[in-house]
Structure formats: C-alpha cells, structure tokens
file final_38.cif (mmCIF, C-alpha atoms and all ligand atoms)
data_coords
#
loop_
_atom_site.group_PDB
_atom_site.id
_atom_site.type_symbol
_atom_site.label_atom_id
_atom_site.label_comp_id
_atom_site.auth_asym_id
_atom_site.auth_seq_id
_atom_site.Cartn_x
_atom_site.Cartn_y
_atom_site.Cartn_z
ATOM 1 C CA MET T 105 87.589 232.514 98.107
ATOM 2 C CA ASN T 106 85.847 235.852 97.730
ATOM 3 C CA GLY T 107 88.145 238.493 99.321
ATOM 4 C CA GLY T 108 89.379 235.448 101.200
ATOM 5 C CA ILE T 109 91.072 235.801 104.560
ATOM 6 C CA VAL T 110 92.809 233.026 106.480
ATOM 7 C CA VAL T 111 93.874 233.712 110.059
ATOM 8 C CA LEU T 112 96.210 231.407 111.983
ATOM 9 C CA THR T 113 96.399 231.779 115.748
ATOM 10 C CA GLY T 114 98.842 230.335 118.260
ATOM 11 C CA ALA T 115 99.351 230.397 122.005
ATOM 12 C CA GLY T 116 100.075 234.169 121.995
ATOM 13 C CA VAL T 117 96.403 234.969 121.311
ATOM 14 C CA SER T 118 95.408 233.311 124.601
ATOM 15 C CA ALA T 119 98.398 234.516 126.643
ATOM 16 C CA GLU T 120 96.614 237.587 128.001
ATOM 17 C CA SER T 121 93.702 235.385 129.089
ATOM 18 C CA GLY T 122 96.167 233.618 131.378
ATOM 19 C CA VAL T 123 96.880 230.499 129.294
ATOM 20 C CA ARG T 124 100.621 229.885 129.252
ATOM 21 C CA THR T 125 102.458 229.685 125.910
ATOM 22 C CA PHE T 126 104.588 226.648 124.989
ATOM 23 C CA ARG T 127 108.055 227.729 124.082
ATOM 24 C CA ALA T 128 109.439 228.975 127.359
ATOM 25 C CA ALA T 129 113.235 229.189 127.406
ATOM 26 C CA ASP T 130 113.435 225.947 129.400
ATOM 27 C CA GLY T 131 111.745 223.933 126.603
ATOM 28 C CA LEU T 132 109.163 222.533 129.009
ATOM 29 C CA TRP T 133 105.361 222.629 128.716
ATOM 30 C CA GLU T 134 103.937 223.385 132.160
ATOM 31 C CA GLU T 135 106.980 221.740 133.833
ATOM 32 C CA HIS T 136 106.806 218.596 131.666
ATOM 33 C CA ARG T 137 108.990 217.426 128.804
ATOM 34 C CA ILE T 138 107.080 217.567 125.480
ATOM 35 C CA GLU T 139 108.107 213.928 124.810
ATOM 36 C CA ASP T 140 106.323 212.852 127.995
ATOM 37 C CA VAL T 141 103.001 214.627 127.510
ATOM 38 C CA ALA T 142 102.635 215.299 123.789
ATOM 39 C CA THR T 143 103.673 212.106 121.995
ATOM 40 C CA VAL T 144 102.075 208.678 121.536
ATOM 41 C CA GLU T 145 105.232 207.154 123.049
ATOM 42 C CA GLY T 146 104.809 209.267 126.186
ATOM 43 C CA PHE T 147 101.154 208.224 126.479
ATOM 44 C CA THR T 148 102.031 204.535 126.037
ATOM 45 C CA ARG T 149 104.759 204.833 128.675
ATOM 46 C CA ASP T 150 102.702 206.654 131.301
ATOM 47 C CA PRO T 151 99.012 207.144 130.419
ATOM 48 C CA VAL T 152 98.124 208.107 134.001
ATOM 49 C CA LEU T 153 100.495 211.088 133.838
ATOM 50 C CA VAL T 154 99.169 212.148 130.417
ATOM 51 C CA HIS T 155 95.516 211.987 131.528
ATOM 52 C CA ARG T 156 96.402 214.003 134.631
ATOM 53 C CA PHE T 157 98.309 216.578 132.559
ATOM 54 C CA TYR T 158 95.376 217.249 130.205
ATOM 55 C CA ASN T 159 92.869 217.116 133.088
ATOM 56 C CA GLU T 160 94.803 219.972 134.686
ATOM 57 C CA ARG T 161 94.818 221.941 131.435
ATOM 58 C CA ARG T 162 91.070 221.289 131.008
ATOM 59 C CA GLN T 163 90.349 222.423 134.574
ATOM 60 C CA THR T 164 92.089 225.743 133.930
ATOM 61 C CA LEU T 165 89.616 226.520 131.111
ATOM 62 C CA ALA T 166 87.022 227.293 133.794
ATOM 63 C CA THR T 167 89.305 230.002 135.184
ATOM 64 C CA VAL T 168 90.044 231.877 131.931
ATOM 65 C CA GLN T 169 87.969 234.083 129.633
ATOM 66 C CA PRO T 170 88.307 235.149 125.993
ATOM 67 C CA ASN T 171 90.233 238.409 125.668
ATOM 68 C CA ALA T 172 89.921 241.395 123.325
ATOM 69 C CA ALA T 173 91.882 239.577 120.591
ATOM 70 C CA HIS T 174 89.493 236.588 120.522
ATOM 71 C CA GLN T 175 86.587 239.028 120.549
ATOM 72 C CA ALA T 176 88.016 241.168 117.741
ATOM 73 C CA LEU T 177 88.344 238.088 115.515
ATOM 74 C CA ALA T 178 84.790 236.924 116.259
ATOM 75 C CA ASN T 179 83.466 240.424 115.634
ATOM 76 C CA PHE T 180 85.339 240.662 112.343
ATOM 77 C CA GLU T 181 83.970 237.309 111.172
ATOM 78 C CA LYS T 182 80.429 238.364 112.060
ATOM 79 C CA ASN T 183 80.630 241.586 110.058
ATOM 80 C CA TYR T 184 82.864 240.623 107.151
ATOM 81 C CA THR T 185 81.021 239.605 103.990
ATOM 82 C CA GLY T 186 83.935 237.881 102.215
ATOM 83 C CA ASP T 187 85.288 234.387 102.867
ATOM 84 C CA PHE T 188 86.933 233.928 106.228
ATOM 85 C CA LEU T 189 88.576 230.984 107.969
ATOM 86 C CA LEU T 190 90.147 230.957 111.416
ATOM 87 C CA VAL T 191 92.653 228.168 111.999
ATOM 88 C CA THR T 192 93.926 227.785 115.534
ATOM 89 C CA GLN T 193 96.747 225.705 116.920
ATOM 90 C CA ASN T 194 95.291 226.253 120.369
ATOM 91 C CA ILE T 195 93.508 223.479 122.216
ATOM 92 C CA ASP T 196 91.551 225.853 124.481
ATOM 93 C CA ASP T 197 87.985 226.898 123.613
ATOM 94 C CA LEU T 198 88.436 230.660 123.853
ATOM 95 C CA HIS T 199 87.787 231.383 120.162
ATOM 96 C CA GLU T 200 84.411 229.638 120.214
ATOM 97 C CA ARG T 201 83.502 231.202 123.535
ATOM 98 C CA ALA T 202 84.176 234.611 121.947
ATOM 99 C CA GLY T 203 81.766 233.685 119.135
ATOM 100 C CA SER T 204 84.011 232.456 116.278
ATOM 101 C CA LYS T 205 82.165 230.060 113.963
ATOM 102 C CA ARG T 206 84.309 229.308 110.920
ATOM 103 C CA LEU T 207 87.039 227.754 113.049
ATOM 104 C CA ILE T 208 89.364 224.772 112.686
ATOM 105 C CA HIS T 209 91.242 223.375 115.706
ATOM 106 C CA MET T 210 94.123 221.887 113.752
ATOM 107 C CA HIS T 211 95.867 220.541 116.900
ATOM 108 C CA GLY T 212 92.719 219.132 118.523
ATOM 109 C CA GLU T 213 90.717 220.253 121.535
ATOM 110 C CA LEU T 214 90.979 219.855 125.299
ATOM 111 C CA LEU T 215 87.212 219.342 125.434
ATOM 112 C CA ARG T 216 87.283 216.254 123.195
ATOM 113 C CA MET T 217 88.445 212.669 123.713
ATOM 114 C CA PHE T 218 88.544 209.736 121.331
ATOM 115 C CA CYS T 219 88.719 205.993 121.614
ATOM 116 C CA THR T 220 91.920 204.506 120.211
ATOM 117 C CA GLN T 221 90.064 201.187 119.675
ATOM 118 C CA CYS T 222 87.136 202.412 117.557
ATOM 119 C CA MET T 223 88.001 206.134 116.966
ATOM 120 C CA HIS T 224 84.678 207.294 118.456
ATOM 121 C CA ASN T 225 84.928 210.954 119.472
ATOM 122 C CA ILE T 226 83.181 212.491 122.514
ATOM 123 C CA ASN T 227 82.900 215.843 124.286
ATOM 124 C CA ILE T 228 84.327 216.047 127.798
ATOM 125 C CA THR T 229 84.258 218.777 130.414
ATOM 126 C CA GLY T 230 85.410 216.837 133.486
ATOM 127 C CA ASP T 231 88.412 214.581 134.083
ATOM 128 C CA SER T 232 89.423 211.560 132.021
ATOM 129 C CA SER T 233 91.312 208.461 133.172
ATOM 130 C CA VAL T 234 92.776 205.155 132.013
ATOM 131 C CA GLU T 235 89.681 203.502 133.513
ATOM 132 C CA ASP T 236 87.241 205.240 131.141
ATOM 133 C CA THR T 237 85.022 203.056 128.964
ATOM 134 C CA CYS T 238 84.180 203.996 125.383
ATOM 135 C CA VAL T 239 80.444 204.636 125.033
ATOM 136 C CA ALA T 240 80.526 203.332 121.456
ATOM 137 C CA CYS T 241 82.550 200.098 121.574
ATOM 138 C CA GLY T 242 82.384 199.440 125.327
ATOM 139 C CA LYS T 243 86.148 198.837 125.602
ATOM 140 C CA ARG T 244 87.996 200.168 128.614
ATOM 141 C CA GLY T 245 91.381 201.868 128.735
ATOM 142 C CA GLY T 246 91.551 203.159 125.157
ATOM 143 C CA MET T 247 90.280 206.711 125.610
ATOM 144 C CA ARG T 248 92.823 209.478 125.008
ATOM 145 C CA PRO T 249 92.743 213.266 124.780
ATOM 146 C CA ASP T 250 91.896 214.458 121.259
ATOM 147 C CA ILE T 251 95.123 216.394 120.959
ATOM 148 C CA VAL T 252 97.361 216.169 117.893
ATOM 149 C CA TRP T 253 100.669 215.039 119.349
ATOM 150 C CA PHE T 254 104.102 215.375 117.792
ATOM 151 C CA GLY T 255 104.429 212.961 114.899
ATOM 152 C CA GLU T 256 100.669 212.976 114.211
ATOM 153 C CA MET T 257 98.842 214.629 111.315
ATOM 154 C CA PRO T 258 96.992 217.871 112.186
ATOM 155 C CA TYR T 259 93.267 217.988 111.480
ATOM 156 C CA GLN T 260 91.518 219.241 108.344
ATOM 157 C CA MET T 261 94.690 219.920 106.419
ATOM 158 C CA SER T 262 92.977 219.679 103.045
ATOM 159 C CA ALA T 263 90.336 222.293 103.997
ATOM 160 C CA ILE T 264 93.095 224.570 105.340
ATOM 161 C CA GLU T 265 95.273 224.171 102.246
ATOM 162 C CA GLN T 266 92.273 224.840 100.016
ATOM 163 C CA ALA T 267 91.484 228.085 101.879
ATOM 164 C CA LEU T 268 95.149 229.132 101.728
ATOM 165 C CA MET T 269 95.258 228.468 97.975
ATOM 166 C CA GLN T 270 92.393 230.925 97.478
ATOM 167 C CA CYS T 271 93.108 233.638 100.041
ATOM 168 C CA ASP T 272 94.034 237.252 99.414
ATOM 169 C CA LEU T 273 95.199 237.891 102.971
ATOM 170 C CA PHE T 274 96.900 235.609 105.487
ATOM 171 C CA VAL T 275 97.359 236.793 109.082
ATOM 172 C CA ALA T 276 99.394 234.841 111.668
ATOM 173 C CA ILE T 277 98.778 235.858 115.280
ATOM 174 C CA GLY T 278 100.754 234.916 118.381
ATOM 175 C CA THR T 279 102.613 231.941 116.967
ATOM 176 C CA SER T 280 106.363 231.394 117.182
ATOM 177 C CA GLY T 281 106.696 229.693 113.773
ATOM 178 C CA ASN T 282 108.430 226.640 115.221
ATOM 179 C CA VAL T 283 105.866 223.924 114.592
ATOM 180 C CA TYR T 284 105.052 222.673 111.087
ATOM 181 C CA PRO T 285 102.869 222.416 109.101
ATOM 182 C CA ALA T 286 101.325 225.597 110.583
ATOM 183 C CA ALA T 287 104.657 227.438 110.339
ATOM 184 C CA GLY T 288 104.618 226.774 106.580
ATOM 185 C CA PHE T 289 101.179 228.305 105.877
ATOM 186 C CA VAL T 290 102.811 231.676 105.183
ATOM 187 C CA GLN T 291 104.796 230.069 102.366
ATOM 188 C CA SER T 292 101.642 228.617 100.788
ATOM 189 C CA ALA T 293 99.860 231.974 101.017
ATOM 190 C CA ARG T 294 102.889 233.870 99.647
ATOM 191 C CA ALA T 295 103.198 231.473 96.747
ATOM 192 C CA ILE T 296 99.765 232.468 95.431
ATOM 193 C CA GLY T 297 100.429 236.190 95.987
ATOM 194 C CA ALA T 298 98.382 236.755 99.153
ATOM 195 C CA ARG T 299 99.370 239.615 101.453
ATOM 196 C CA CYS T 300 100.895 238.111 104.607
ATOM 197 C CA VAL T 301 100.813 239.884 107.970
ATOM 198 C CA GLU T 302 102.251 238.808 111.313
ATOM 199 C CA LEU T 303 100.810 240.127 114.599
ATOM 200 C CA ASN T 304 102.941 239.045 117.531
ATOM 201 C CA LEU T 305 104.671 240.218 120.671
ATOM 202 C CA GLU T 306 108.025 239.739 118.961
ATOM 203 C CA GLN T 307 109.299 238.572 115.589
ATOM 204 C CA SER T 308 108.591 234.890 114.914
ATOM 205 C CA THR T 309 111.188 232.577 113.355
ATOM 206 C CA THR T 310 109.409 233.003 109.991
ATOM 207 C CA HIS T 311 108.948 236.802 110.225
ATOM 208 C CA HIS T 312 111.028 237.415 107.091
ATOM 209 C CA LEU T 313 108.360 235.667 104.979
ATOM 210 C CA PHE T 314 105.660 238.212 105.889
ATOM 211 C CA ASP T 315 104.968 241.441 104.003
ATOM 212 C CA GLU T 316 104.304 243.227 107.258
ATOM 213 C CA GLY T 317 104.812 242.649 110.979
ATOM 214 C CA ARG T 318 103.116 244.496 113.813
ATOM 215 C CA TYR T 319 104.529 243.871 117.241
ATOM 216 C CA GLY T 320 102.757 244.292 120.567
ATOM 217 C CA PRO T 321 100.219 242.491 122.780
ATOM 218 C CA ALA T 322 97.520 240.617 120.842
ATOM 219 C CA THR T 323 94.742 242.411 122.727
ATOM 220 C CA GLU T 324 95.940 245.683 121.144
ATOM 221 C CA GLU T 325 97.333 244.639 117.753
ATOM 222 C CA VAL T 326 94.509 242.279 116.740
ATOM 223 C CA GLU T 327 91.786 244.730 117.673
ATOM 224 C CA ALA T 328 93.536 247.600 115.827
ATOM 225 C CA PHE T 329 94.306 245.559 112.702
ATOM 226 C CA PHE T 330 90.885 243.944 112.254
ATOM 227 C CA SER T 331 88.774 247.003 113.055
ATOM 228 C CA ALA T 332 90.762 248.969 110.431
ATOM 229 C CA LEU T 333 90.373 246.078 107.965
ATOM 230 C CA LEU T 334 86.625 245.996 108.496
ATOM 231 C CA LYS T 335 86.418 249.724 107.757
ATOM 232 C CA THR T 336 88.441 249.482 104.520
ATOM 233 C CA SER T 337 86.617 246.331 103.361
ATOM 234 C CA SER T 338 83.202 247.960 103.841
ATOM 235 C CA LEU T 339 84.418 251.014 101.887
ATOM 236 C CA THR T 340 85.436 248.833 98.938
ATOM 237 C CA GLN T 341 82.140 246.907 98.721
HETATM 238 P P1 LIG B 401 104.595 229.257 121.185
HETATM 239 O O1 LIG B 401 104.584 229.187 122.674
HETATM 240 O O2 LIG B 401 105.671 228.545 120.461
HETATM 241 O O3 LIG B 401 104.663 230.775 120.721
HETATM 242 C C1 LIG B 401 103.837 231.747 121.260
HETATM 243 C C2 LIG B 401 104.063 233.036 120.517
HETATM 244 O O4 LIG B 401 103.172 233.986 121.046
HETATM 245 C C3 LIG B 401 105.471 233.614 120.633
HETATM 246 O O5 LIG B 401 105.935 234.002 119.357
HETATM 247 C C4 LIG B 401 105.283 234.841 121.540
HETATM 248 O O6 LIG B 401 106.131 235.914 121.190
HETATM 249 C C5 LIG B 401 103.841 235.216 121.239
HETATM 250 N N1 LIG B 401 103.162 235.909 122.332
HETATM 251 C C6 LIG B 401 103.278 235.714 123.666
HETATM 252 N N2 LIG B 401 102.468 236.541 124.340
HETATM 253 C C7 LIG B 401 101.808 237.282 123.412
HETATM 254 C C8 LIG B 401 100.838 238.318 123.468
HETATM 255 N N3 LIG B 401 100.349 238.772 124.620
HETATM 256 N N4 LIG B 401 100.386 238.853 122.308
HETATM 257 C C9 LIG B 401 100.871 238.418 121.121
HETATM 258 N N5 LIG B 401 101.774 237.437 121.001
HETATM 259 C C10 LIG B 401 102.261 236.874 122.116
HETATM 260 O O7 LIG B 401 103.144 228.782 120.700
HETATM 261 P P2 LIG B 401 102.638 228.290 119.277
HETATM 262 O O8 LIG B 401 103.387 228.930 118.169
HETATM 263 O O9 LIG B 401 101.161 228.394 119.296
HETATM 264 O O10 LIG B 401 101.183 222.022 119.678
HETATM 265 O O11 LIG B 401 103.008 226.753 119.339
HETATM 266 C C11 LIG B 401 102.645 225.904 118.280
HETATM 267 C C12 LIG B 401 102.362 224.514 118.790
HETATM 268 O O12 LIG B 401 103.450 224.027 119.564
HETATM 269 C C13 LIG B 401 101.205 224.414 119.761
HETATM 270 O O13 LIG B 401 99.957 224.343 119.129
HETATM 271 C C14 LIG B 401 101.478 223.150 120.507
HETATM 272 C C15 LIG B 401 102.951 223.307 120.722
HETATM 273 O O14 LIG B 401 103.641 222.179 120.880
HETATM 274 C C16 LIG B 401 100.391 221.052 120.160
HETATM 275 O O15 LIG B 401 99.841 221.085 121.238
HETATM 276 C C17 LIG B 401 100.202 219.914 119.237
#
call {"tool": "encode", "arguments": {"input": "final_38.cif", "output": "structure tokens", "more": "lines below"}}
Ligand code: OAD
result
Amino acid sequence: MNGGIVVLTGAGVSAESGVRTFRAADGLWEEHRIEDVATVEGFTRDPVLVHRFYNERRQTLATVQPNAAHQALANFEKNYTGDFLLVTQNIDDLHERAGSKRLIHMHGELLRMFCTQCMHNINITGDSSVEDTCVACGKRGGMRPDIVWFGEMPYQMSAIEQALMQCDLFVAIGTSGNVYPAAGFVQSARAIGARCVELNLEQSTTHHLFDEGRYGPATEEVEAFFSALLKTSSLTQ
C-alpha cells in the first residue's frame, strides 16, 4: 500500500444516525437473544422470526441518514491520493450512501439475500420470507439474509488481511473490540509497525493495543481526525 490506510468501523459510527449498537448491558440485540437471530441454529429453529427480525432492521434503513462521521470518511477517501480501504462490520448502507467506494462489508449487508441451495446472491429492499423463491435455481424456502452470523466466516478476509499487512495507519472507529476477527485487526496492523488509532465514545476492550485513543462522539472525532489527516498528507506530498 502507498501511504496505506485501513479504517475499521463498528456500530458506534452509525449510532448518531439512530441505528442502535449491539452490546447493550442486557446482552440483547433489539430485544432478541443473539443465538436466536444471529446464528444458523436460530434460523433453522425459527426462520419466520429471523426473516421478520431482519425485515424490521431493513425497514429502519429508510428512516436513517448518514451522519457527519460517514461523510468525513467518504470525503477523506475522495481526496486522499494514497491507498485507502474502509472495512465495516455494519450491515446498514450508510457508508455507501455517504459516498464511500473502497468499502468491504465484512459482516454482510441488510440489502442482500442469498439462496442456501445454490448460493445465488440478490439485492433486496423490501421484506423477505420463508416463502421466497430463488430466481436462479427456482427452489423455495432457502433464501436467507446475507448476514455473517456467529460461527460463520466474515467476507473478504484475504483482501482485508492483505491491506492490513501493507498499511501505515489503522483506525478503528466505534467498535467495542468484542467480536473477532475484526477485534484482532489492530494486532495485525501493530505487528507490521503501523500506527494504530482508536476513535470511540469510550475505551474499547482492546484499547491498550492502540498507539492513541480519542474519545467522544463519532460525528466530532472522525471529522476532526480525518480533516487534520488530509491536511498533513497533502503537505507531505
Ligand atoms: P458494539 O455495539 O459492540 O460496540 C459499539 C461501540 O460503539 C462501543 O464501543 C461504543 O462505546 C461505541 N459508540 C457508541 N456510540 C458511539 C458514538 N456516538 N460515537 C462513537 N462511538 C460510539 O458494536 P460492534 O463493535 O460494531 O456482528 O459489534 C461488532 C459486531 O457484533 C457487529 O458487527 C455484529 C455484532 O454481533 C454481526 O452482525 C455479525
């Protein structure tokens, strides 16, 4: 990577848009147990509930907008001449709506479904159900949300690892550091000598691995950090 930057975002970057974060003190995700709505076992047990759960999450996308943090990242990417990769754990589409292009949704996307029979992947904006038929193989009942559930492999890990192996700066934003492999990216970046910065409301569980932590709302910290970075990077070119 040339002046390579890898940014990892978590639920905290979308919090001020009105999307709820995951790790509330009660350990529930929108009033549901994670095992029920974010595992293959939960889906096998009660697919109707799981479709309804993600339909509700998908419907809320129409009510939220990208915030200043999403916009600051998209603006930085547009103006930065070095290598840049944004990796998000979020399943909302707020980064792309803000204009981010070099973006990996490592935990999947609310606006995608795939067929468990033939693996065909489709875009979706409305509701899904157990009755849906796959447009590719014609089989009914096998469509599921394209979300990486617990116990499944996140997407594009080799591209992410490759970017981390070549980056000079790694920035983690609004993520609690509880879910691996994303929580381990800081270790990969540190191992090759990259500067590691955490921007969060409070210290994450991996905060001690970062060279620097800045704590406050993402809409303020992300904007401040990346506009300053853009200024210094244009001075050094
Ligand atoms: P969490 O809910 O675990 O953590 C959210 C983090 O955002 C916390 O560290 C908060 O302090 C911080 N935060 C909250 N509001 C903020 C704000 N306004 N500005 C800045 N930071 C703020 O969410 P993640 O770490 O993203 O997986 O969770 C990781 C994964 O666990 C998710 O992708 C999801 C979940 O299970 C899947 O869906 C597969």
call {"tool": "resolve_selection", "arguments": {"input": "final_38.cif", "expression": "the PyMOL selection byres (((not hetatm)) within 6 of (chain B and resi 401))", "output": "ChimeraX atom specification"}}
result
/T:114-117,119-120,125-127,193-194,211,252-253,278-281,283,304-306,308,321-322
call {"tool": "residues_near_point", "arguments": {"input": "final_38.cif", "point": "(86.2, 238.9, 121.8)", "cutoff": "12 Å", "atoms": "all atoms listed in the file", "output": "PyMOL selection string"}}
result
chain T and resi 117-118+121+169-182+198-204+322-324+326-327+330
call {"tool": "resolve_selection", "arguments": {"input": "final_38.cif", "expression": "the PyMOL selection byres (((chain T and resi 292) around 10) and not hetatm)", "output": "PyMOL selection string"}}
result
chain T and resi 265+268-269+271+274+288-291+293-298
call {"tool": "atom_distance", "arguments": {"input": "final_38.cif", "atom1": "CA of His155 in chain T", "atom2": "CA of Thr192 in chain T"}}
result
22.5 Å
call {"tool": "atom_distance", "arguments": {"input": "final_38.cif", "atom1": "CA of His136 in chain T", "atom2": "CA of Ile251 in chain T"}}
result
16.0 Å
call {"tool": "resolve_selection", "arguments": {"input": "final_38.cif", "expression": "the PyMOL selection byres (((chain T and resi 313) around 9) and not hetatm)", "output": "list in words"}}
result
Val290, Gln291, Arg294, Cys300, Thr310, His311, His312, Phe314, Asp315 and Glu316 of chain T
call {"tool": "closest_residue", "arguments": {"input": "final_38.cif", "among": "T:Thr185, T:Gln221, T:Glu325, T:Val275", "to": "Glu302 in chain T", "atoms": "only C-alpha atoms"}}
result
T:Val275
call {"tool": "closest_residue", "arguments": {"input": "final_38.cif", "among": "T:Asp231, T:Thr164, T:Leu189, T:Gly242", "to": "Ala263 in chain T", "atoms": "all atoms listed in the file"}}
result
T:Leu189
call {"tool": "residues_around", "arguments": {"input": "final_38.cif", "residues": "Glu145 in chain T", "least_positions_apart": "3", "cutoff": "12 Å", "atoms": "all atoms listed in the file", "output": "compact mmCIF listing (two decimals) with C-alpha atoms, in the frame of the given file"}}
result
# COMPACT_ATOMS: atom_id res chain seq x y z
CA ILE T 138 107.08 217.57 125.48
CA GLU T 139 108.11 213.93 124.81
CA ASP T 140 106.32 212.85 128.00
CA VAL T 141 103.00 214.63 127.51
CA ALA T 142 102.64 215.30 123.79
CA THR T 148 102.03 204.54 126.04
CA ARG T 149 104.76 204.83 128.68
CA ASP T 150 102.70 206.65 131.30
CA PRO T 151 99.01 207.14 130.42
CA VAL T 154 99.17 212.15 130.42
CA TRP T 253 100.67 215.04 119.35
CA PHE T 254 104.10 215.38 117.79
CA GLY T 255 104.43 212.96 114.90
CA GLU T 256 100.67 212.98 114.21
call {"tool": "closest_residue", "arguments": {"input": "final_38.cif", "among": "T:Pro285, T:Gly230, T:Gly212, T:Gly107", "to": "Asp250 in chain T", "atoms": "all atoms listed in the file"}}
result
T:Gly212
call {"tool": "residues_near_point", "arguments": {"input": "final_38.cif", "point": "(87.4, 216.6, 125.7)", "cutoff": "9 Å", "atoms": "all atoms listed in the file", "output": "MDAnalysis selection string"}}
result
chainID T and resid 162 213:218 225:232 248:250
